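Written below as structure tokens is the structure these notes are about.
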Amino acid sequence: MRRYRTLEYVPLTEPTCNGAGLAQRRYAGAMKLAVASDHAGVALKARVLEQLLSEGHQADDLGTNTTDPVDYPDYAEAVALAVLGGRAERAVLICGSGAGACVAANKFKGIRAATCHDSFSARQCVQDDDVNVLCLGARVIGPELALDVVRDYVGARFSGAERHRRRLSKVAAFEAAFGAPRRNPPQASPTFDF
């Protein structure tokens, strides 16, 4: 579970760096992951699980295992609780588009879910935003690209850069306020008429 001190974002572990001071791209060692899908993502979930296990990760299948229609919020809840409860370090959540599952997962305090259909976004969302749930759309992304995206997501580490910690602290403050609107929102930039 993530720790917060006066709404200052603190990752579970400090980032590791290479000799140049840059965050390493690949996760050092095996990771505990939760993987779930609704009925639209069953086939892709099976491929993702196979890949993760073959790469030495611990991957817990949280369902569904049938193409009978089910509701994606139930599986978003399952992966969110696995991550928040410490049974998984991160999760992969698959639905038809990746959007609905992402919306549902982000309703859980402490979950930072992102829908990614390219490798850059999958790496960057972890490096900059410490995303802990990757969402995929099985009807949007091909299986081979999806496996590359998952590999890059699992291999990425949060950079720990001050600017990213500062921004995540603001997100934590939003969560602490339970989504209440700010009393004094930032002033909009002036507009110019040309």
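Going by the structure tokens order, chains are called A, B, ..., each with residues numbered from 1, while ligands are numbered from 1 in the order shown.
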Quiz item: Ala40 in chain A: which residues within 10 Å, counting only C-alpha atoms, same-chain residues fewer than 4 positions away excluded, as a ChimeraX atom specification?
Solution: /A:44-45,64,66-70,72,94-97,137-139
Need to verify the contact set: range 109-111 of chain A, 7 Å, only C-alpha atoms, exclusion of same-chain residues closer than 4 positions in sequence. Can you return it as a JSON list (two decimals) with N, CA and C atoms, in the first residue's frame?
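Okay, this is what ended up in out.json:
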[["chain", "number", "residue", "atom", "x", "y", "z"],
["A", 2, "ARG", "N", 0.45, 2.27, -0.67],
["A", 2, "ARG", "CA", 1.19, 3.51, -0.73],
["A", 2, "ARG", "C", 1.11, 4.23, 0.62],
["A", 80, "ALA", "N", -7.99, -3.70, -8.10],
["A", 80, "ALA", "CA", -7.72, -2.57, -7.19],
["A", 80, "ALA", "C", -7.50, -3.07, -5.77],
["A", 105, "ALA", "N", -11.49, 1.49, -12.22],
["A", 105, "ALA", "CA", -10.32, 1.28, -11.35],
["A", 105, "ALA", "C", -9.89, 2.59, -10.69],
["A", 132, "ASN", "N", -0.23, 2.10, -11.36],
["A", 132, "ASN", "CA", -0.18, 0.75, -10.81],
["A", 132, "ASN", "C", -1.21, -0.20, -11.43],
["A", 175, "GLU", "N", -7.49, 13.15, -3.84],
["A", 175, "GLU", "CA", -8.09, 11.96, -3.27],
["A", 175, "GLU", "C", -8.50, 12.18, -1.82]]
Quiz item: Using only C-alpha atoms, which residues sit within 10 Å of Glu55 in chain A once same-chain residues fewer than 3 positions away are excluded, as a PyMOL selection string?
Solution: chain A and resi 29-31+49-52+58+151
Given the selection you just returned, output its residues as a file containing N, CA and C atoms, formatted as a short mmCIF file (atom, residue, chain, number, x, y, z; two decimals), in the first residue's frame.
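Writing the result to part.cif gives the following:
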data_model
loop_
_atom_site.label_atom_id
_atom_site.label_comp_id
_atom_site.auth_asym_id
_atom_site.auth_seq_id
_atom_site.Cartn_x
_atom_site.Cartn_y
_atom_site.Cartn_z
N GLY A 29 14.02 -8.01 -11.40
CA GLY A 29 13.48 -9.18 -10.73
C GLY A 29 12.02 -9.41 -11.03
N ALA A 30 11.52 -10.45 -10.43
CA ALA A 30 10.13 -10.84 -10.64
C ALA A 30 9.19 -9.91 -9.89
N MET A 31 8.01 -9.74 -10.44
CA MET A 31 7.00 -8.86 -9.86
C MET A 31 5.73 -9.66 -9.60
N LEU A 49 -1.17 -13.55 -19.30
CA LEU A 49 -0.78 -14.42 -18.18
C LEU A 49 0.34 -15.37 -18.59
N GLU A 50 0.22 -15.96 -19.75
CA GLU A 50 1.24 -16.88 -20.25
C GLU A 50 2.59 -16.18 -20.35
N GLN A 51 2.59 -14.97 -20.90
CA GLN A 51 3.84 -14.23 -21.04
C GLN A 51 4.43 -13.88 -19.68
N LEU A 52 3.62 -13.36 -18.78
CA LEU A 52 4.14 -12.95 -17.48
C LEU A 52 4.74 -14.13 -16.72
N GLN A 58 5.09 -13.52 -10.89
CA GLN A 58 3.94 -14.17 -10.26
C GLN A 58 2.71 -13.42 -10.74
N ARG A 151 4.94 -5.86 -21.39
CA ARG A 151 6.36 -6.03 -21.05
C ARG A 151 6.99 -4.69 -20.67
#
Practice problem: Per DSSP on the backbone, filter range 87-158 of chain A down to the residues in helix (DSSP H, G or I) and report them as an MDAnalysis selection string. | Solution: chainID A and resid 99:105 119:129 143:155
File dump, residues just selected, N, CA and C atoms, as an mmCIF file, in the first residue's frame:
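Once everything was written out, this is out38.cif:
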data_model
loop_
_atom_site.group_PDB
_atom_site.id
_atom_site.type_symbol
_atom_site.label_atom_id
_atom_site.label_comp_id
_atom_site.auth_asym_id
_atom_site.auth_seq_id
_atom_site.Cartn_x
_atom_site.Cartn_y
_atom_site.Cartn_z
ATOM 1 N N ALA A 99 -11.266 1.591 -21.718
ATOM 2 C CA ALA A 99 -11.744 2.837 -21.110
ATOM 3 C C ALA A 99 -12.617 2.595 -19.882
ATOM 4 N N GLY A 100 -13.621 1.757 -20.007
ATOM 5 C CA GLY A 100 -14.534 1.529 -18.886
ATOM 6 C C GLY A 100 -13.831 0.964 -17.674
ATOM 7 N N ALA A 101 -12.977 -0.018 -17.891
ATOM 8 C CA ALA A 101 -12.236 -0.617 -16.782
ATOM 9 C C ALA A 101 -11.331 0.406 -16.120
ATOM 10 N N CYS A 102 -10.739 1.290 -16.916
ATOM 11 C CA CYS A 102 -9.861 2.328 -16.388
ATOM 12 C C CYS A 102 -10.640 3.310 -15.518
ATOM 13 N N VAL A 103 -11.797 3.725 -15.998
ATOM 14 C CA VAL A 103 -12.642 4.634 -15.217
ATOM 15 C C VAL A 103 -13.002 3.992 -13.881
ATOM 16 N N ALA A 104 -13.410 2.738 -13.909
ATOM 17 C CA ALA A 104 -13.815 2.053 -12.673
ATOM 18 C C ALA A 104 -12.641 1.895 -11.713
ATOM 19 N N ALA A 105 -11.488 1.493 -12.221
ATOM 20 C CA ALA A 105 -10.321 1.284 -11.354
ATOM 21 C C ALA A 105 -9.888 2.586 -10.691
ATOM 22 N N SER A 119 3.790 1.273 -26.480
ATOM 23 C CA SER A 119 4.856 1.018 -25.519
ATOM 24 C C SER A 119 5.349 2.272 -24.826
ATOM 25 N N PHE A 120 5.428 3.390 -25.548
ATOM 26 C CA PHE A 120 5.892 4.627 -24.923
ATOM 27 C C PHE A 120 4.996 5.009 -23.749
ATOM 28 N N SER A 121 3.681 5.023 -23.977
ATOM 29 C CA SER A 121 2.743 5.401 -22.910
ATOM 30 C C SER A 121 2.811 4.429 -21.742
ATOM 31 N N ALA A 122 2.994 3.152 -22.040
ATOM 32 C CA ALA A 122 3.068 2.142 -20.983
ATOM 33 C C ALA A 122 4.278 2.368 -20.086
ATOM 34 N N ARG A 123 5.407 2.732 -20.673
ATOM 35 C CA ARG A 123 6.609 3.048 -19.868
ATOM 36 C C ARG A 123 6.442 4.369 -19.146
ATOM 37 N N GLN A 124 6.030 5.382 -19.896
ATOM 38 C CA GLN A 124 5.964 6.741 -19.362
ATOM 39 C C GLN A 124 4.958 6.865 -18.227
ATOM 40 N N CYS A 125 3.854 6.144 -18.304
ATOM 41 C CA CYS A 125 2.850 6.267 -17.247
ATOM 42 C C CYS A 125 3.386 5.750 -15.914
ATOM 43 N N VAL A 126 4.291 4.811 -15.957
ATOM 44 C CA VAL A 126 4.920 4.327 -14.720
ATOM 45 C C VAL A 126 6.042 5.268 -14.309
ATOM 46 N N GLN A 127 6.905 5.630 -15.243
ATOM 47 C CA GLN A 127 8.065 6.463 -14.925
ATOM 48 C C GLN A 127 7.669 7.825 -14.369
ATOM 49 N N ASP A 128 6.615 8.435 -14.917
ATOM 50 C CA ASP A 128 6.223 9.780 -14.496
ATOM 51 C C ASP A 128 5.064 9.787 -13.501
ATOM 52 N N ASP A 129 4.114 8.869 -13.659
ATOM 53 C CA ASP A 129 2.879 8.923 -12.877
ATOM 54 C C ASP A 129 2.712 7.762 -11.915
ATOM 55 N N PRO A 143 -2.834 -8.669 -30.253
ATOM 56 C CA PRO A 143 -2.216 -9.417 -29.155
ATOM 57 C C PRO A 143 -0.702 -9.261 -29.065
ATOM 58 N N GLU A 144 0.001 -9.205 -30.181
ATOM 59 C CA GLU A 144 1.468 -9.080 -30.118
ATOM 60 C C GLU A 144 1.881 -7.725 -29.584
ATOM 61 N N LEU A 145 1.219 -6.664 -30.044
ATOM 62 C CA LEU A 145 1.509 -5.336 -29.514
ATOM 63 C C LEU A 145 1.128 -5.268 -28.036
ATOM 64 N N ALA A 146 0.018 -5.881 -27.661
ATOM 65 C CA ALA A 146 -0.401 -5.886 -26.259
ATOM 66 C C ALA A 146 0.669 -6.521 -25.374
ATOM 67 N N LEU A 147 1.272 -7.595 -25.846
ATOM 68 C CA LEU A 147 2.327 -8.244 -25.057
ATOM 69 C C LEU A 147 3.547 -7.342 -24.912
ATOM 70 N N ASP A 148 3.886 -6.604 -25.963
ATOM 71 C CA ASP A 148 4.980 -5.635 -25.866
ATOM 72 C C ASP A 148 4.641 -4.529 -24.874
ATOM 73 N N VAL A 149 3.409 -4.042 -24.923
ATOM 74 C CA VAL A 149 2.963 -2.986 -24.006
ATOM 75 C C VAL A 149 3.048 -3.470 -22.563
ATOM 76 N N VAL A 150 2.583 -4.680 -22.306
ATOM 77 C CA VAL A 150 2.642 -5.242 -20.951
ATOM 78 C C VAL A 150 4.099 -5.385 -20.509
ATOM 79 N N ARG A 151 4.942 -5.864 -21.386
ATOM 80 C CA ARG A 151 6.363 -6.034 -21.049
ATOM 81 C C ARG A 151 6.990 -4.691 -20.673
ATOM 82 N N ASP A 152 6.683 -3.630 -21.428
ATOM 83 C CA ASP A 152 7.244 -2.316 -21.127
ATOM 84 C C ASP A 152 6.661 -1.733 -19.841
ATOM 85 N N TYR A 153 5.394 -1.966 -19.593
ATOM 86 C CA TYR A 153 4.755 -1.513 -18.351
ATOM 87 C C TYR A 153 5.394 -2.193 -17.134
ATOM 88 N N VAL A 154 5.538 -3.503 -17.200
ATOM 89 C CA VAL A 154 6.123 -4.251 -16.087
ATOM 90 C C VAL A 154 7.590 -3.878 -15.898
ATOM 91 N N GLY A 155 8.278 -3.594 -16.997
ATOM 92 C CA GLY A 155 9.697 -3.276 -16.916
ATOM 93 C C GLY A 155 10.017 -1.872 -16.454
#
Quiz item: Interatomic distance between CA of Leu62 in chain A and CA of Ala172 in chain A?
Solution: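 Spanning CA of Leu62 in chain A to CA of Ala172 in chain A is a straight-line distance of 27.0 Å.
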Exercise. For each of A:Val140, A:Val42, A:Tyr75, A:Leu33, take the minimum atom-to-atom distance to Glu89 in chain A, counting only C-alpha atoms, then give the residue where this is smallest.
Key: A:Leu33
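One finds CA of Thr115 in chain A at 14.4 Å from CA of Gly142 in chain A.
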Quiz item: Pick from A:Ala82, A:Ala114, A:Gly63, A:Lys107: nearest to His39 in chain A, with only C-alpha atoms counted?
Solution: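 Smallest distance to His39 in chain A is found for A:Gly63.
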Quiz item: When DSSP works through the backbone of this structure, what residues of range 23-108 of chain A end up as strand (DSSP E or B), shown as a VMD selection string?
Solution: chain A and resid 23 32 to 37 58 to 61 90 to 95
Atoms to include: N, CA and C atoms. Write the selected residues as a JSON list (two decimals), in the first residue's frame.
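Output contents, as saved in selection.json:
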[["chain", "number", "residue", "atom", "x", "y", "z"],
["A", 23, "ALA", "N", 16.54, 6.67, -14.50],
["A", 23, "ALA", "CA", 15.81, 5.52, -13.98],
["A", 23, "ALA", "C", 15.97, 4.34, -14.92],
["A", 32, "LYS", "N", 5.02, -9.29, -8.55],
["A", 32, "LYS", "CA", 3.71, -9.86, -8.27],
["A", 32, "LYS", "C", 2.65, -9.01, -8.95],
["A", 33, "LEU", "N", 1.89, -9.64, -9.85],
["A", 33, "LEU", "CA", 0.87, -8.92, -10.61],
["A", 33, "LEU", "C", -0.48, -9.59, -10.47],
["A", 34, "ALA", "N", -1.51, -8.76, -10.53],
["A", 34, "ALA", "CA", -2.88, -9.25, -10.62],
["A", 34, "ALA", "C", -3.34, -8.99, -12.06],
["A", 35, "VAL", "N", -4.03, -9.94, -12.65],
["A", 35, "VAL", "CA", -4.50, -9.81, -14.02],
["A", 35, "VAL", "C", -5.97, -10.21, -14.06],
["A", 36, "ALA", "N", -6.78, -9.36, -14.67],
["A", 36, "ALA", "CA", -8.21, -9.65, -14.76],
["A", 36, "ALA", "C", -8.77, -9.06, -16.04],
["A", 37, "SER", "N", -9.92, -9.56, -16.44],
["A", 37, "SER", "CA", -10.60, -9.05, -17.63],
["A", 37, "SER", "C", -12.09, -9.29, -17.51],
["A", 58, "GLN", "N", 5.09, -13.52, -10.89],
["A", 58, "GLN", "CA", 3.94, -14.17, -10.26],
["A", 58, "GLN", "C", 2.71, -13.42, -10.74],
["A", 59, "ALA", "N", 1.83, -14.08, -11.42],
["A", 59, "ALA", "CA", 0.64, -13.45, -11.99],
["A", 59, "ALA", "C", -0.59, -14.18, -11.50],
["A", 60, "ASP", "N", -1.42, -13.48, -10.76],
["A", 60, "ASP", "CA", -2.66, -14.06, -10.24],
["A", 60, "ASP", "C", -3.82, -13.73, -11.16],
["A", 61, "ASP", "N", -4.50, -14.76, -11.64],
["A", 61, "ASP", "CA", -5.65, -14.62, -12.53],
["A", 61, "ASP", "C", -6.89, -14.36, -11.67],
["A", 90, "ARG", "N", 1.43, -4.47, -8.98],
["A", 90, "ARG", "CA", 0.73, -3.79, -10.06],
["A", 90, "ARG", "C", -0.29, -4.75, -10.64],
["A", 91, "ALA", "N", -1.09, -4.23, -11.59],
["A", 91, "ALA", "CA", -2.12, -5.06, -12.20],
["A", 91, "ALA", "C", -2.27, -4.73, -13.68],
["A", 92, "VAL", "N", -2.82, -5.70, -14.40],
["A", 92, "VAL", "CA", -3.23, -5.53, -15.79],
["A", 92, "VAL", "C", -4.71, -5.84, -15.84],
["A", 93, "LEU", "N", -5.48, -4.92, -16.40],
["A", 93, "LEU", "CA", -6.94, -5.03, -16.45],
["A", 93, "LEU", "C", -7.39, -4.85, -17.89],
["A", 94, "ILE", "N", -8.16, -5.80, -18.40],
["A", 94, "ILE", "CA", -8.53, -5.80, -19.81],
["A", 94, "ILE", "C", -10.05, -5.81, -19.96],
["A", 95, "CYS", "N", -10.54, -4.91, -20.81],
["A", 95, "CYS", "CA", -11.95, -4.94, -21.21],
["A", 95, "CYS", "C", -11.98, -4.71, -22.72]]
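Between Cys116 in chain A and the candidates A:Leu81, A:Ile141, A:Ala43, A:Ala176, the tightest atom-to-atom separation, counting only C-alpha atoms, involves A:Ile141.
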Practice problem: Mind checking which residues fall within 6 Å of Ala113 in chain A, counting only C-alpha atoms, ignoring those fewer than 2 positions away in the same chain, and posting them as a list in words? | Solution: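 That gives Cys102, Asn106, Val131, Val133 and Leu134 of chain A.
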Write to file, as a PDB file, in the first residue's frame, the residues of the selection just made, with C-alpha atoms.
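Done, and the output landed in again-v3.pdb:
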ATOM      1  CA  CYS A 102      -9.861   2.328 -16.388  1.00  0.00           C
ATOM      2  CA  ASN A 106      -9.547   4.974 -10.852  1.00  0.00           C
ATOM      3  CA  VAL A 131       0.664   3.999 -12.560  1.00  0.00           C
ATOM      4  CA  VAL A 133      -2.954  -0.586 -13.102  1.00  0.00           C
ATOM      5  CA  LEU A 134      -2.461  -0.928 -16.852  1.00  0.00           C
TER       6      LEU A 134
END
Quiz item: Quick one: distance from CA of Leu84 in chain A to CA of Phe108 in chain A in Å, one decimal?
Solution: 8.8 Å
